[in-house]
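Containing compact mmCIF, C-alpha atoms and all ligand atoms: run01.txt.
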# COMPACT_ATOMS: atom_id res chain seq x y z
CA MET M 1 -1.51 56.06 74.14
CA SER M 2 1.57 56.59 71.98
CA SER M 3 -0.56 56.25 68.87
CA MET M 4 -2.74 59.11 70.07
CA ILE M 5 -0.09 61.81 70.28
CA GLU M 6 2.27 63.12 67.68
CA ASN M 7 5.09 65.59 67.70
CA ASP M 8 4.37 67.30 64.37
CA ALA M 9 3.65 71.01 63.98
CA GLU M 10 0.31 71.86 65.51
CA THR M 11 -2.70 72.76 63.41
CA PRO M 12 -5.01 75.47 64.82
CA PHE M 13 -6.94 72.75 66.63
CA GLY M 14 -3.81 71.09 67.98
CA LYS M 15 -4.47 68.01 65.92
CA VAL M 16 -2.65 66.15 63.16
CA GLY M 17 -5.36 64.24 61.33
CA ASP M 18 -7.49 62.91 64.17
CA LYS M 19 -4.57 62.74 66.59
CA LEU M 20 -3.67 65.30 69.22
CA THR M 21 -0.17 66.72 69.08
CA LEU M 22 2.14 65.94 71.97
CA GLY M 23 1.96 69.51 73.29
CA VAL M 24 -1.84 69.64 73.36
CA ALA M 25 -2.18 66.18 74.89
CA ALA M 26 0.33 67.10 77.62
CA ARG M 27 -1.46 70.37 78.42
CA LEU M 28 -4.92 68.77 78.45
CA SER M 29 -3.62 66.14 80.88
CA ARG M 30 -2.38 68.90 83.18
CA TYR M 31 -5.72 70.75 83.01
CA LEU M 32 -7.46 67.47 83.78
CA GLN M 33 -5.33 66.91 86.86
CA VAL M 34 -6.22 70.36 88.24
CA LEU M 35 -9.90 70.01 87.30
CA THR M 36 -10.17 66.59 88.93
CA GLN M 37 -8.80 67.99 92.16
CA ALA M 38 -11.00 71.09 91.93
CA LYS M 39 -14.01 68.81 91.48
CA LYS M 40 -13.05 66.80 94.57
CA MET M 41 -12.87 70.05 96.51
CA GLY M 42 -16.43 70.87 95.48
CA LYS M 43 -15.53 73.66 93.06
CA GLU M 44 -18.16 74.12 90.35
CA THR M 45 -16.42 76.63 88.08
CA ILE M 46 -12.84 77.54 87.31
CA SER M 47 -11.37 80.44 85.35
CA SER M 48 -8.59 80.19 82.79
CA GLN M 49 -6.49 82.36 85.14
CA GLU M 50 -6.91 79.85 87.98
CA LEU M 51 -6.02 77.00 85.63
CA SER M 52 -2.99 79.02 84.59
CA ASP M 53 -1.87 79.58 88.19
CA TYR M 54 -1.97 75.84 88.88
CA THR M 55 -0.47 74.59 85.61
CA HIS M 56 1.96 77.40 84.63
CA VAL M 57 0.45 77.40 81.14
CA ASN M 58 -0.43 80.97 80.21
CA SER M 59 -4.12 81.79 80.21
CA THR M 60 -4.23 82.80 76.52
CA GLN M 61 -2.90 79.37 75.60
CA ILE M 62 -5.45 77.73 77.89
CA ARG M 63 -8.33 79.65 76.31
CA ARG M 64 -7.04 78.68 72.87
CA ASP M 65 -6.75 74.99 73.84
CA LEU M 66 -10.25 74.96 75.31
CA SER M 67 -11.92 77.07 72.64
CA GLY M 68 -12.73 73.87 70.77
CA PHE M 69 -15.01 72.90 73.64
CA GLY M 70 -17.72 75.33 72.66
CA LYS M 71 -18.95 78.45 74.32
CA PHE M 72 -16.97 80.07 77.10
CA GLY M 73 -18.41 80.31 80.56
CA LYS M 74 -19.60 83.77 81.52
CA ARG M 75 -16.84 86.35 81.75
CA GLY M 76 -15.44 86.35 85.28
CA VAL M 77 -17.15 83.02 86.09
CA GLY M 78 -15.13 80.62 84.03
CA TYR M 79 -15.62 77.03 82.92
CA ASN M 80 -17.99 74.51 84.40
CA VAL M 81 -15.62 72.01 86.06
CA ASP M 82 -17.82 68.93 85.59
CA SER M 83 -18.42 69.42 81.90
CA LEU M 84 -14.80 70.34 81.21
CA VAL M 85 -13.60 67.16 82.95
CA SER M 86 -15.86 64.96 80.87
CA GLN M 87 -15.04 66.78 77.63
CA ILE M 88 -11.27 66.57 78.18
CA ARG M 89 -11.59 62.89 79.10
CA LYS M 90 -13.46 62.29 75.88
CA ILE M 91 -10.79 64.12 73.86
CA LEU M 92 -7.99 62.23 75.61
CA ARG M 93 -10.01 59.04 75.18
CA THR M 94 -9.66 58.28 78.86
CA SER M 95 -13.36 58.02 79.62
CA GLY M 96 -14.23 54.74 81.32
CA GLN M 97 -12.14 52.39 83.41
CA HIS M 98 -8.66 51.09 82.65
CA ASN M 99 -7.17 48.22 84.55
CA ILE M 100 -3.62 48.53 85.79
CA ALA M 101 -1.19 46.11 87.40
CA LEU M 102 1.21 47.28 90.08
CA PHE M 103 4.66 45.74 90.45
CA GLY M 104 6.42 46.01 93.81
CA ALA M 105 4.62 45.76 97.13
CA GLY M 106 7.23 47.83 98.95
CA HIS M 107 6.94 51.33 100.41
CA LEU M 108 5.88 53.06 97.21
CA GLY M 109 3.71 50.19 95.91
CA ARG M 110 1.75 50.06 99.17
CA ALA M 111 1.28 53.81 99.17
CA ILE M 112 -0.04 53.73 95.59
CA ALA M 113 -2.32 50.77 96.31
CA SER M 114 -3.91 52.49 99.28
CA SER M 115 -4.40 55.90 97.68
CA ASP M 116 -6.86 57.06 95.05
CA ILE M 117 -4.34 58.87 92.85
CA PHE M 118 -5.01 56.50 89.95
CA ALA M 119 -8.67 55.78 90.74
CA ASP M 120 -9.50 59.47 90.48
CA HIS M 121 -8.55 59.32 86.81
CA GLY M 122 -10.36 56.11 85.93
CA PHE M 123 -7.45 53.71 86.52
CA ARG M 124 -8.17 50.71 88.71
CA VAL M 125 -5.38 48.70 90.31
CA VAL M 126 -6.53 45.12 89.74
CA ALA M 127 -3.41 43.21 90.81
CA ILE M 128 -0.22 43.70 92.82
CA PHE M 129 2.88 41.63 92.21
CA ASP M 130 6.10 41.06 94.10
CA ASN M 131 8.88 38.51 93.86
CA ASP M 132 9.67 38.40 97.58
CA PRO M 133 8.24 35.13 98.96
CA GLY M 134 7.77 36.90 102.30
CA LYS M 135 5.34 39.37 100.71
CA ILE M 136 3.43 37.06 98.36
CA GLY M 137 0.00 36.34 99.81
CA GLU M 138 0.00 39.45 102.04
CA LEU M 139 -3.02 41.71 101.86
CA VAL M 140 -2.26 45.18 100.46
CA GLY M 141 -5.40 47.29 100.38
CA THR M 142 -7.95 44.86 98.99
CA HIS M 143 -5.47 42.76 97.02
CA ARG M 144 -3.37 39.74 97.89
CA VAL M 145 0.18 40.16 96.61
CA ARG M 146 0.73 37.79 93.72
CA PRO M 147 3.94 36.16 92.48
CA ALA M 148 5.51 37.82 89.44
CA GLY M 149 5.09 34.47 87.64
CA ASP M 150 1.30 35.10 87.45
CA LEU M 151 1.91 38.18 85.29
CA ARG M 152 0.96 36.80 81.88
CA ALA M 153 -2.25 35.13 83.03
CA VAL M 154 -3.39 38.28 84.89
CA VAL M 155 -2.60 40.57 81.94
CA ASP M 156 -4.80 38.37 79.72
CA GLU M 157 -7.64 37.82 82.19
CA GLU M 158 -7.92 41.42 83.38
CA ASP M 159 -7.23 43.08 80.03
CA ILE M 160 -4.35 45.10 81.43
CA VAL M 161 -2.75 47.70 79.16
CA VAL M 162 -0.90 49.68 81.86
CA ALA M 163 1.74 48.43 84.30
CA VAL M 164 3.12 50.55 87.12
CA LEU M 165 6.68 49.73 88.21
CA ALA M 166 7.46 50.43 91.85
CA VAL M 167 10.45 48.08 91.93
CA PRO M 168 14.17 48.72 92.43
CA THR M 169 15.95 50.16 89.38
CA ALA M 170 17.96 46.96 88.89
CA ALA M 171 14.78 44.88 88.54
CA ALA M 172 12.91 47.18 86.16
CA GLN M 173 14.28 46.20 82.72
CA MET M 174 13.75 42.48 83.16
CA LEU M 175 10.23 43.13 84.33
CA ALA M 176 9.61 45.50 81.41
CA ASP M 177 10.71 42.75 78.99
CA ASP M 178 8.22 40.31 80.55
CA LEU M 179 5.47 42.93 80.42
CA VAL M 180 6.13 43.70 76.76
CA SER M 181 6.00 40.05 75.83
CA ALA M 182 2.74 39.69 77.80
CA GLY M 183 1.21 42.49 75.69
CA VAL M 184 1.30 45.48 78.07
CA LYS M 185 1.34 48.72 76.06
CA ILE M 186 2.07 51.40 78.66
CA ILE M 187 4.67 51.24 81.43
CA PHE M 188 4.54 53.84 84.15
CA ASN M 189 8.01 53.65 85.64
CA TYR M 190 8.77 55.02 89.09
CA SER M 191 12.33 53.66 89.10
CA GLU M 192 15.32 55.49 87.65
CA ALA M 193 15.90 52.79 85.00
CA LEU M 194 16.21 53.91 81.36
CA LEU M 195 13.93 51.27 79.94
CA GLN M 196 14.37 49.82 76.46
CA VAL M 197 11.04 48.88 74.87
CA PRO M 198 9.78 48.41 71.30
CA PRO M 199 8.26 51.50 69.59
CA GLU M 200 4.64 50.41 70.09
CA VAL M 201 5.12 50.50 73.87
CA THR M 202 5.10 53.81 75.79
CA VAL M 203 7.22 54.34 78.89
CA HIS M 204 6.48 57.23 81.19
CA THR M 205 9.07 57.75 83.91
CA SER M 206 7.96 59.67 86.98
CA SER M 207 10.71 61.58 88.72
CA PRO M 208 10.06 64.04 91.55
CA ALA M 209 13.51 65.58 90.99
CA VAL M 210 12.68 66.30 87.35
CA ASP M 211 9.35 67.87 88.37
CA LEU M 212 11.24 70.02 90.83
CA LEU M 213 13.67 71.16 88.12
CA TYR M 214 10.63 72.16 86.07
CA ALA M 215 9.27 74.19 88.99
CA LEU M 216 12.70 75.76 89.49
CA TYR M 217 12.69 76.90 85.88
CA PHE M 218 9.51 78.95 86.54
CA TYR M 219 11.00 80.35 89.72
CA LEU M 220 14.19 81.42 87.96
CA THR M 221 12.59 82.92 84.85
N1 LIG M 301 9.35 58.49 91.31
C1 LIG M 301 8.97 58.59 92.59
O1 LIG M 301 8.17 59.42 92.97
C2 LIG M 301 9.53 57.58 93.55
C3 LIG M 301 9.30 57.70 94.93
C4 LIG M 301 9.77 56.69 95.79
C5 LIG M 301 10.46 55.61 95.25
N2 LIG M 301 10.70 55.55 93.91
C6 LIG M 301 11.35 54.39 93.29
O2 LIG M 301 10.37 53.34 93.33
C7 LIG M 301 10.99 52.08 93.48
C8 LIG M 301 10.45 51.40 94.73
O3 LIG M 301 10.79 52.13 95.91
P1 LIG M 301 10.37 51.60 97.33
O4 LIG M 301 10.84 52.58 98.31
O5 LIG M 301 8.94 51.19 97.33
O6 LIG M 301 11.29 50.27 97.45
P2 LIG M 301 11.02 48.98 98.31
O7 LIG M 301 12.33 48.27 98.42
O8 LIG M 301 10.28 49.32 99.56
O9 LIG M 301 10.03 48.10 97.40
C9 LIG M 301 10.41 47.49 96.19
C10 LIG M 301 9.62 46.20 96.07
O10 LIG M 301 9.84 45.65 94.77
C11 LIG M 301 9.92 44.24 94.92
N3 LIG M 301 10.58 43.66 93.75
C12 LIG M 301 11.90 43.59 93.45
N4 LIG M 301 12.08 42.98 92.26
C13 LIG M 301 10.85 42.66 91.79
C14 LIG M 301 10.38 42.00 90.61
N5 LIG M 301 11.22 41.58 89.67
N6 LIG M 301 9.05 41.82 90.46
C15 LIG M 301 8.18 42.24 91.42
N7 LIG M 301 8.56 42.88 92.55
C16 LIG M 301 9.89 43.08 92.73
C17 LIG M 301 10.66 44.05 96.23
O11 LIG M 301 10.50 42.74 96.78
C18 LIG M 301 10.03 45.13 97.09
O12 LIG M 301 8.87 44.64 97.76
C19 LIG M 301 12.49 52.37 93.54
O13 LIG M 301 13.01 52.22 92.24
C20 LIG M 301 12.56 53.83 93.99
O14 LIG M 301 13.73 54.46 93.56
C21 LIG M 301 10.23 56.50 93.07
Just dump the structure as structure tokens.
Amino acid sequence: MSSMIENDAETPFGKVGDKLTLGVAARLSRYLQVLTQAKKMGKETISSQELSDYTHVNSTQIRRDLSGFGKFGKRGVGYNVDSLVSQIRKILRTSGQHNIALFGAGHLGRAIASSDIFADHGFRVVAIFDNDPGKIGELVGTHRVRPAGDLRAVVDEEDIVVAVLAVPTAAAQMLADDLVSAGVKIIFNYSEALLQVPPEVTVHTSSPAVDLLYALYFYLT
């Protein structure tokens, strides 16, 4: 994923060569999140103003970002949700299924494993790991918790490029090192750890407090 986005100045199409710039990729991901939910709720069309209300990106910017997707929907009707979802997925190269491995079968890990937050976006949890002997072998959703020692074999067999870390902060770096050496390219980190990884590996850290600060910024300005 890191090879797909760049931080250079944006061209009119938001691309540098055939790569999306970081800003465009981030905004398209946010549109996709809203559109996926809208689709689940049975919504067939969405306007740029509605997308703006949910994403806090202004509607002129949204229309500019989506103008590359061909003709606008009818004025006042908006975009067709289905076709916009598939077009954005194509642009973000996230069409199809991607296998992910989940580390930590604790409170958060179990919640992730039993929800469809990743499945909705084409990510399939194919294995759950823990290092607590009391949890190994337990059934979480449809998966038996596996020992962390199985990591390398599972990454190879299941073609895993993404690992989700739902482990304590103190355990995260060591696990990240093992994941990097097993060939995982994207680490989605729920812990607070500031992970050190080589440049070809992307770490995304999810922090509800940071998201809240972002929301606060819009409230205060
Ligand atoms: N970003 C968020 O939205 C968010 C929300 C809740 C929790 N968190 C963070 O997620 C992490 C997990 O939280 P939790 O409440 O589920 O904790 P938890 O203690 O319930 O679960 C952690 C699990 O990780 C396992 N573990 C520890 N070391 C491991 C290793 N090396 N390999 C595999 N498994 C290992 C433990 O045995 C335990 O089952 C924490 O870092 C917490 O701060 C983030």
- Kindly provide, as an MDAnalysis selection string, all nucleotide and amino acid residues lying within 10 Å of ligand LIG 301 (chain M), counting only C-alpha atoms and all ligand atoms. chainID M and resid 102:112 128:136 145:149 151 164:176 178 188:193 205:211
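Candidate residues M:Leu35, M:Ile100, M:Val184, M:Met41 were compared for distance to M:Asp82, and the nearest is M:Leu35, using all atoms listed in the file.
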- Task: Find the residue from M:Arg144, M:His98, M:Lys90, M:Arg27 that sits nearest to M:Ser59; use all atoms listed in the file when measuring.
- Result: M:Arg27
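Atom CA of M:Gly96 is positioned 18.3 Å from atom CA of M:Val155.
Coordinates place atom CA of M:Ala163 at a distance of 8.3 Å from atom CA of M:Lys185.
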- For M:Thr55, which residue among M:Ile88, M:Gly141, M:Arg30, M:Leu216 is the nearest when counting all atoms listed in the file? M:Arg30
- Task: Select, from M:Asp177, M:Glu157, M:Glu138, M:Glu200, the residue with the minimum atom-to-atom distance to M:Asn99, counting all atoms listed in the file.
- Result: M:Glu157
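These residues, each with an atom at most 9 Å from (7.6, 49.6, 73.4) using all atoms listed in the file, are M:Val180, M:Val184, M:Lys185, M:Ile186, M:Ile187, M:Gln196, M:Val197, M:Pro198, M:Pro199, M:Glu200, M:Val201, M:Thr202, M:Val203.
Closest approach to M:Asn58 among M:Phe218, M:Ala182, M:Leu194, M:Lys43: M:Phe218, based on only C-alpha atoms.
The two atoms in question, atom CA of M:Leu212 and atom CA of M:Ala113, are spaced 24.2 Å apart.
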